[in-house]
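Remarks on the structure that follows.
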Amino acid sequence: MLVVENVVAAYGAIVALKGVSLTVGRGEIVTLIGANGAGKSTLMMTICGSPAPKSGRILFDGEDITGLPTHVIMRRGIAQAPEGRRIFPRMTVYENLRMGAEVLEGRHFAEDLAFVCGLFPRLKERLAQRGGTLSGGEQQMLAIARALMMRPRLLLLDEPSLGLAPMVVRQIFAAIRDLNRDRGLTVLLVEQNAYHALRLAHRGYVLVNGTITMQGTGAELLARPEVRAAYLEGGRAQDAR
Amino acid sequence: MMRHEAAVGARAATRTGQAGHILRDAVLAALVALGLGAPLLGLQTVPAERGLTVIPRPGLLFGAIACVFVGRLALGAFMARRAGRAALATPAPRFRLVPPGFAPTLGKAAGLALLLFALALPFIPGAGRYEIDLATLVLTYVMLGWGLNIVVGLAGLLDLGYVAFYAVGAYGYALMAKYFDIGFWAALPLTGLLAAAWGIILGFPVLRLRGDYLAIVTLAFGEIIRVVLLNWVSLTGGPNGLSGIPRPTFFGLPFSMAGGPGTFAGFFGLEPSPLHRVIFLYYLILALALLTNLVTIRLRQHPIGRAWEALREDEIAARSLGLSVVAVKLTAFATGAMFGGFAGAFFATRQGFISPESFTFIESALILAIVVLGGMGSQLGVATAAIVMIGGFELFRDLEEFRMLVFGLAMVAIMVWRPRGLVATREPSVALKERRGVAAAHVGEGRG
Ligand SMILES: Nc1ncnc2c1ncn2[C@@H]1O[C@H](COP(=O)(O)OP(=O)(O)O)[C@@H](O)[C@H]1O
Ligand SMILES: [Mg+2]
């Protein structure tokens, strides 16, 4: 469904992605793990067209979307819950969700609203509350729900667990699993929280300094000693239970 | 219990510490006032037989210093009281529980009262030419504030050159009338379009800019327009401006003191009076301002308006939701500029004379101050701020040069008292029609 081929991306002189290739198949959850500054968010943003890749190709559903403007790419069926959530703080939860439905011009809005409220009952109770007054976990739920309002075929999630309590992380990951299992939603999940991400994902990639160094199924990567050493020790002790 | 006493003791101690701090702060402020005031207020130069002589004005100087000292003391005490109260209060709930619909209803009632007052104003006993003229001026700024509010308050694009569009509208109408003999009513929509076109011209180069950079470029744009008007003498008359701009007609009936069947007074069988035109101009700007307001309110519930607000809240998020940031910014600039253009055409027809002097940076700053003090995005807040600022300006006319001082103090006071503007709460543009149950059947689309 998504093919990233040899993508190079840079901010001015800083080359953040040095020829990255990965694929995400229809119905898969693929996770991209890596340390802070590895280029994970840059890859997410590059898939969405900003920054545009310096070289390489990005295909979505077999069509070349390299170099298209962001709003065109987002209208083709890709949605993103960006790093740091980026909900609209002065708008109510309801308005935030309405903004998600804007590309569809509000078609199916009521139906989709009911759906995301079923997925995240916490949001349902807070529809009239301003986004900026939500807790971190609720904001993350809202960011995901808002992206879902676009009815995407591919959902990009950038560090949804960042700064959240383990219980909330479990809720959010459970929701991702349900979306994938029940609705066949394809997900590309960027995480530093490698243990949960690899347990959830069908496949995973490890990004180091703008280069993919390892790939495999979630279970394979979890078993690799390099992965354990770099991304799991400590992390696992905190998050596993 | 012991812990409680200890806490009270500690609080008393911090309070005396605080009092000392406030006092020191006030003394410092008074010293600064002395330093600044000694040359500025304490000495006055008067023309004498030969050259100038300097006479001291100790009374004024020490009066000013006393004002600064007392004011600073009061401010410090006030802030400390407030901080203390906040600390003593039980942990505040994370969001205020306003009864649903309470604030908006209050706002609506205030808005309605203002509107009724505005409609009736020319016929209120005691409202003479002066009062109506002043109200017309206030309404011009209300309209400009509402126009700029689209760009700054809704779309979050800091525009310091808004007066450029006001100038484009004014000169647009004056030149159309001069060279093509186009009347006010025909010219009005054209000036709006012209200003909107200039809004887009400004919009393109600043698409990638945000915040301070955007502010600098828009400021420069305002100055460029003014300098061009000043120097293109053959077209604009340069510093002499353009005069003899046709006055508006009442749908073709001129306001004339001569009376007669073809004039407003003659047609309606009234005694000719200069007041007719004054009142007509008043209702004209009221209608234009209300049009601005209405369009803004409607647009907020429209995808364009929602996109403006999304852009203000978070540009990256707006883009990731599939909004074209280019289109969103350009429509905001164009729409705001259009209303500036309308206001400019009104200004030209009201004055009958325009010159670049009316379109300086101070005007942009004043309009921006109205928007910011009003609460960035609130229609009622902007109107209130325009009334307070322009009305206040007039009220303190007798103070002459101290007017700016009062003006500055008032702004500081508002910013201390209401740091987010007079009306800081943003009303949702879409809301659930029914406040419970999210079952699909119950969820209204919330208009638009
Ligand atoms: N807007 C930007 N401008 C310049 N450099 C950036 C920008 N965003 C990220 N970078 C740089 O690109 C590299 C990758 O960052 P990022 O993709 O955010 O990493 P990650 O999401 O894996 O933590 C880092 O070295 C970072 O400093
Ligand atoms: Mg990141």
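Chain identifiers are assigned as A, B, and so on, following the order in which chains appear in the structure tokens; residues are numbered from 1 within each chain, and ligands are numbered from 1 in order of appearance.
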What are the closest atom pairs, with distances in Å to one decimal, for each residue of chain A lying within 7 Å of ligand 2, using only C-alpha atoms and all ligand atoms, rows by chain and rising residue number, as JSON lines?
{"residue": "A:Asn36", "atom": "CA", "partner": "ligand 2", "partner_atom_place_in_ligand_line": "1 (Mg)", "distance": 6.6}
{"residue": "A:Gly37", "atom": "CA", "partner": "ligand 2", "partner_atom_place_in_ligand_line": "1 (Mg)", "distance": 6.6}
{"residue": "A:Gly39", "atom": "CA", "partner": "ligand 2", "partner_atom_place_in_ligand_line": "1 (Mg)", "distance": 6.9}
{"residue": "A:Lys40", "atom": "CA", "partner": "ligand 2", "partner_atom_place_in_ligand_line": "1 (Mg)", "distance": 5.5}
{"residue": "A:Ser41", "atom": "CA", "partner": "ligand 2", "partner_atom_place_in_ligand_line": "1 (Mg)", "distance": 4.1}
{"residue": "A:Glu83", "atom": "CA", "partner": "ligand 2", "partner_atom_place_in_ligand_line": "1 (Mg)", "distance": 6.2}
{"residue": "A:Asp158", "atom": "CA", "partner": "ligand 2", "partner_atom_place_in_ligand_line": "1 (Mg)", "distance": 6.8}
Report task. Pick out the residues sitting within 8 Å of Val116 of chain A, and hand them over as a count of residues only; count only C-alpha atoms, and ignore anything fewer than 6 positions along from it in its own chain. Result -> 3
Requested in this report: Could I get the residue neighbourhood of ligand 1 at 9 Å, counting only C-alpha atoms and all ligand atoms, as a PyMOL selection string?
Outcome: chain A and resi 10-17+33-45+51+83+158-159+190-192+207-210
Report task. List every residue of segment 178-393 of chain B that DSSP, applied to the backbone of this structure, assigns to alpha helix (DSSP H), and report them as a PyMOL selection string. Result -> chain B and resi 178-180+184-203+211-231+233-236+264-267+274-300+303-313+315-320+325-351+361-374+379-393
Requested in this report: State, in Å with one decimal place, the distance from atom CA of Pro160 of chain A to atom CA of Arg306 of chain B.
Outcome: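 So the answer is 25.8 Å.
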Query - For chain B, the nearest of the candidates A:Ile176, A:Leu185, A:Cys117, A:Val30, counting only C-alpha atoms - result: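 For chain B, the nearest of the given residues is A:Cys117.
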Query raised in the report: Any idea which chain A residues end up within 6 Å of chain B if we count only C-alpha atoms, as a VMD selection string please?
Result: chain A and resid 71 74 to 75 86 88 100 110 to 111 114
Query - Selection near segment 154-163 of chain B, 9 Å with only C-alpha atoms, sequence-local residues under 2 positions removed, as a VMD selection string - result: chain B and resid 144 148 to 152 165 to 168 210 to 212 214 to 223 300 305 to 313 328 to 329 332 to 333 336 to 337 340 344 359 to 365 367 to 368 376 to 378
Report summary line: Expressed in Å, the length from atom CA of Glu28 of chain A to atom CA of Ala9 of chain A is 25.0 Å
Report task. Give the answer as one residue: which of A:Gly25, A:Pro89, A:Gly131, A:Gly77 has the shortest atom-to-atom distance to Ala147 of chain A, using only C-alpha atoms? Result ->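 So, comparing all the options, the nearest one is A:Gly77.
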**Report entry** Test item: residues at most 10 Å from segment 215-228 of chain A, only C-alpha atoms, excluding those fewer than 4 positions along its chain, as a PyMOL selection string
**Finding:** chain A and resi 22+29-34+194-207+232-236
Query raised in the report: What separation in Å, quoted to one decimal, exists between atom CA of Ala174 of chain B and atom CA of Ala186 of chain B?
Result: 12.4 Å
**Report entry** Gln351 of chain B environment, 12 Å, only C-alpha atoms, sequence neighbours closer than 2 positions dropped, as a PyMOL selection string
**Finding:** chain B and resi 133+136-137+170+174+241-248+277-278+281+344-349+353-355+358
Just write the chosen residues, N, CA, C and O atoms, as an mmCIF file, in the first residue's frame.
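Ended up saving to again_39.cif:
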data_model
loop_
_atom_site.group_PDB
_atom_site.id
_atom_site.type_symbol
_atom_site.label_atom_id
_atom_site.label_comp_id
_atom_site.auth_asym_id
_atom_site.auth_seq_id
_atom_site.Cartn_x
_atom_site.Cartn_y
_atom_site.Cartn_z
ATOM 1 N N ASP B 133 -21.296 62.582 14.565
ATOM 2 C CA ASP B 133 -19.994 62.513 13.900
ATOM 3 C C ASP B 133 -19.034 61.603 14.653
ATOM 4 O O ASP B 133 -18.322 60.793 14.055
ATOM 5 N N THR B 136 -19.955 58.081 14.187
ATOM 6 C CA THR B 136 -19.560 57.637 12.847
ATOM 7 C C THR B 136 -18.085 57.239 12.840
ATOM 8 O O THR B 136 -17.702 56.204 12.282
ATOM 9 N N LEU B 137 -17.289 58.053 13.504
ATOM 10 C CA LEU B 137 -15.860 57.744 13.598
ATOM 11 C C LEU B 137 -15.639 56.420 14.336
ATOM 12 O O LEU B 137 -14.880 55.552 13.900
ATOM 13 N N ALA B 170 -9.887 54.038 -0.210
ATOM 14 C CA ALA B 170 -10.139 55.478 -0.257
ATOM 15 C C ALA B 170 -9.661 56.058 -1.588
ATOM 16 O O ALA B 170 -10.414 56.746 -2.291
ATOM 17 N N ALA B 174 -11.752 57.587 -4.824
ATOM 18 C CA ALA B 174 -11.486 58.961 -5.244
ATOM 19 C C ALA B 174 -11.062 59.007 -6.713
ATOM 20 O O ALA B 174 -11.540 59.851 -7.479
ATOM 21 N N GLY B 241 -2.877 65.502 -1.674
ATOM 22 C CA GLY B 241 -4.046 64.647 -1.636
ATOM 23 C C GLY B 241 -5.019 64.928 -2.762
ATOM 24 O O GLY B 241 -4.704 65.628 -3.735
ATOM 25 N N LEU B 242 -6.187 64.337 -2.630
ATOM 26 C CA LEU B 242 -7.250 64.506 -3.622
ATOM 27 C C LEU B 242 -8.427 65.158 -2.929
ATOM 28 O O LEU B 242 -8.828 64.745 -1.845
ATOM 29 N N SER B 243 -8.967 66.188 -3.586
ATOM 30 C CA SER B 243 -10.133 66.826 -2.974
ATOM 31 C C SER B 243 -11.292 66.797 -3.959
ATOM 32 O O SER B 243 -11.166 66.317 -5.090
ATOM 33 N N GLY B 244 -12.406 67.284 -3.497
ATOM 34 C CA GLY B 244 -13.589 67.313 -4.350
ATOM 35 C C GLY B 244 -14.141 65.926 -4.621
ATOM 36 O O GLY B 244 -14.745 65.668 -5.661
ATOM 37 N N ILE B 245 -13.914 64.994 -3.689
ATOM 38 C CA ILE B 245 -14.448 63.644 -3.867
ATOM 39 C C ILE B 245 -15.964 63.714 -3.695
ATOM 40 O O ILE B 245 -16.449 64.294 -2.724
ATOM 41 N N PRO B 246 -16.697 63.147 -4.663
ATOM 42 C CA PRO B 246 -18.162 63.296 -4.585
ATOM 43 C C PRO B 246 -18.724 62.723 -3.290
ATOM 44 O O PRO B 246 -18.316 61.651 -2.830
ATOM 45 N N ARG B 247 -19.682 63.413 -2.716
ATOM 46 C CA ARG B 247 -20.350 62.948 -1.515
ATOM 47 C C ARG B 247 -21.383 61.906 -1.907
ATOM 48 O O ARG B 247 -21.849 61.881 -3.049
ATOM 49 N N PRO B 248 -21.783 61.075 -0.999
ATOM 50 C CA PRO B 248 -22.722 60.012 -1.375
ATOM 51 C C PRO B 248 -24.119 60.587 -1.588
ATOM 52 O O PRO B 248 -24.449 61.649 -1.065
ATOM 53 N N ARG B 277 -27.290 64.676 5.893
ATOM 54 C CA ARG B 277 -26.163 63.921 5.368
ATOM 55 C C ARG B 277 -25.383 63.252 6.509
ATOM 56 O O ARG B 277 -24.946 62.107 6.383
ATOM 57 N N VAL B 278 -25.246 63.956 7.608
ATOM 58 C CA VAL B 278 -24.507 63.398 8.751
ATOM 59 C C VAL B 278 -25.173 62.104 9.218
ATOM 60 O O VAL B 278 -24.519 61.089 9.462
ATOM 61 N N LEU B 281 -24.716 59.362 6.600
ATOM 62 C CA LEU B 281 -23.373 58.767 6.676
ATOM 63 C C LEU B 281 -23.265 57.829 7.866
ATOM 64 O O LEU B 281 -22.650 56.772 7.801
ATOM 65 N N GLY B 344 -12.458 52.275 3.498
ATOM 66 C CA GLY B 344 -11.709 53.361 2.868
ATOM 67 C C GLY B 344 -12.592 54.189 1.946
ATOM 68 O O GLY B 344 -12.543 55.426 1.961
ATOM 69 N N ALA B 345 -13.412 53.509 1.144
ATOM 70 C CA ALA B 345 -14.318 54.235 0.251
ATOM 71 C C ALA B 345 -15.269 55.105 1.071
ATOM 72 O O ALA B 345 -15.552 56.260 0.712
ATOM 73 N N PHE B 346 -15.736 54.563 2.165
ATOM 74 C CA PHE B 346 -16.620 55.350 3.033
ATOM 75 C C PHE B 346 -15.890 56.575 3.569
ATOM 76 O O PHE B 346 -16.415 57.686 3.562
ATOM 77 N N PHE B 347 -14.664 56.347 3.997
ATOM 78 C CA PHE B 347 -13.864 57.454 4.539
ATOM 79 C C PHE B 347 -13.727 58.563 3.502
ATOM 80 O O PHE B 347 -13.904 59.753 3.804
ATOM 81 N N ALA B 348 -13.427 58.162 2.251
ATOM 82 C CA ALA B 348 -13.217 59.167 1.195
ATOM 83 C C ALA B 348 -14.487 59.963 0.940
ATOM 84 O O ALA B 348 -14.460 61.187 0.826
ATOM 85 N N THR B 349 -15.613 59.274 0.867
ATOM 86 C CA THR B 349 -16.849 59.993 0.543
ATOM 87 C C THR B 349 -17.294 60.848 1.720
ATOM 88 O O THR B 349 -17.919 61.885 1.553
ATOM 89 N N PHE B 353 -12.135 64.678 1.033
ATOM 90 C CA PHE B 353 -10.722 64.982 0.796
ATOM 91 C C PHE B 353 -9.881 63.902 1.463
ATOM 92 O O PHE B 353 -10.152 63.522 2.600
ATOM 93 N N ILE B 354 -8.874 63.397 0.737
ATOM 94 C CA ILE B 354 -7.975 62.420 1.355
ATOM 95 C C ILE B 354 -6.535 62.772 1.020
ATOM 96 O O ILE B 354 -6.256 63.349 -0.036
ATOM 97 N N SER B 355 -5.646 62.417 1.914
ATOM 98 C CA SER B 355 -4.221 62.585 1.642
ATOM 99 C C SER B 355 -3.482 61.469 2.375
ATOM 100 O O SER B 355 -4.045 60.837 3.274
ATOM 101 N N SER B 358 -3.574 60.450 6.252
ATOM 102 C CA SER B 358 -4.593 59.682 6.972
ATOM 103 C C SER B 358 -4.257 58.207 7.050
ATOM 104 O O SER B 358 -4.984 57.453 7.691
#
Query raised in the report: Can you list every residue in segment 43-212 of chain A that DSSP puts in strand (DSSP E or B), as number ranges by chain?
Result: A: 55-60, 63-64, 78-81, 92, 130, 154-158, 186-191, 203-208, 211-212
Take the selection from the previous step and output its residues with N, CA and C atoms, as a compact mmCIF listing (two decimals), in the first residue's frame.
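Written file, again-v3.txt:
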# COMPACT_ATOMS: atom_id res chain seq x y z
N SER A 55 15.51 13.06 -2.98
CA SER A 55 15.53 12.05 -4.04
C SER A 55 14.81 10.83 -3.51
N GLY A 56 14.58 9.87 -4.39
CA GLY A 56 13.81 8.69 -4.01
C GLY A 56 12.36 8.86 -4.40
N ARG A 57 11.57 7.80 -4.14
CA ARG A 57 10.17 7.83 -4.56
C ARG A 57 9.27 7.37 -3.42
N ILE A 58 8.06 7.86 -3.42
CA ILE A 58 7.06 7.39 -2.47
C ILE A 58 5.82 7.02 -3.28
N LEU A 59 5.37 5.78 -3.12
CA LEU A 59 4.18 5.32 -3.84
C LEU A 59 3.09 5.02 -2.83
N PHE A 60 1.90 5.44 -3.15
CA PHE A 60 0.76 5.09 -2.30
C PHE A 60 -0.29 4.47 -3.19
N GLU A 63 0.42 4.59 -6.81
CA GLU A 63 0.58 5.87 -7.49
C GLU A 63 1.73 6.65 -6.87
N ASP A 64 2.45 7.34 -7.74
CA ASP A 64 3.58 8.12 -7.26
C ASP A 64 3.07 9.41 -6.61
N ILE A 78 -4.47 9.25 3.23
CA ILE A 78 -3.49 9.13 4.30
C ILE A 78 -3.88 10.11 5.39
N ALA A 79 -3.84 9.68 6.64
CA ALA A 79 -4.08 10.62 7.74
C ALA A 79 -2.96 10.47 8.75
N GLN A 80 -2.77 11.51 9.53
CA GLN A 80 -1.63 11.51 10.44
C GLN A 80 -2.04 12.06 11.80
N ALA A 81 -1.61 11.39 12.85
CA ALA A 81 -1.68 11.99 14.18
C ALA A 81 -0.26 12.41 14.48
N THR A 92 -13.33 23.21 20.66
CA THR A 92 -13.85 22.11 21.45
C THR A 92 -13.46 20.78 20.81
N ARG A 130 -12.91 22.30 25.69
CA ARG A 130 -11.86 22.79 24.79
C ARG A 130 -10.68 21.83 24.76
N LEU A 154 -4.64 4.66 5.20
CA LEU A 154 -3.37 4.49 5.91
C LEU A 154 -3.31 5.53 7.02
N LEU A 155 -3.06 5.05 8.24
CA LEU A 155 -2.96 5.97 9.38
C LEU A 155 -1.51 6.03 9.85
N LEU A 156 -0.97 7.23 9.92
CA LEU A 156 0.38 7.42 10.43
C LEU A 156 0.30 7.94 11.86
N LEU A 157 0.97 7.26 12.77
CA LEU A 157 0.95 7.70 14.17
C LEU A 157 2.37 7.98 14.62
N ASP A 158 2.61 9.20 15.08
CA ASP A 158 3.96 9.55 15.51
C ASP A 158 4.03 9.61 17.03
N THR A 186 -4.78 0.09 7.85
CA THR A 186 -3.33 -0.05 7.76
C THR A 186 -2.68 1.05 8.60
N VAL A 187 -1.68 0.66 9.39
CA VAL A 187 -1.09 1.62 10.33
C VAL A 187 0.44 1.61 10.21
N LEU A 188 1.00 2.81 10.14
CA LEU A 188 2.45 2.95 10.31
C LEU A 188 2.66 3.69 11.61
N LEU A 189 3.30 2.98 12.56
CA LEU A 189 3.41 3.48 13.92
C LEU A 189 4.86 3.80 14.24
N VAL A 190 5.13 5.05 14.53
CA VAL A 190 6.47 5.45 14.95
C VAL A 190 6.53 5.42 16.47
N GLU A 191 7.55 4.81 17.03
CA GLU A 191 7.60 4.71 18.50
C GLU A 191 9.03 4.71 19.01
N ARG A 203 5.12 -6.11 11.58
CA ARG A 203 6.52 -6.01 11.20
C ARG A 203 7.09 -4.71 11.77
N GLY A 204 8.41 -4.66 11.78
CA GLY A 204 9.03 -3.45 12.28
C GLY A 204 10.31 -3.12 11.56
N TYR A 205 10.70 -1.85 11.63
CA TYR A 205 11.98 -1.38 11.10
C TYR A 205 12.68 -0.63 12.21
N VAL A 206 14.00 -0.68 12.20
CA VAL A 206 14.78 0.11 13.16
C VAL A 206 15.52 1.18 12.38
N LEU A 207 15.33 2.43 12.78
CA LEU A 207 15.97 3.55 12.10
C LEU A 207 17.07 4.11 13.00
N VAL A 208 18.28 4.21 12.46
CA VAL A 208 19.40 4.78 13.20
C VAL A 208 20.03 5.87 12.35
N THR A 211 19.08 5.98 8.67
CA THR A 211 19.27 4.78 7.88
C THR A 211 18.56 3.61 8.56
N ILE A 212 17.91 2.75 7.75
CA ILE A 212 17.28 1.56 8.32
C ILE A 212 18.37 0.53 8.58
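Comparing B:Leu207, B:Ala343, B:Leu134, B:Ile390 by their smallest distance to Ala287 of chain B, the closest is B:Ala343 (using only C-alpha atoms).
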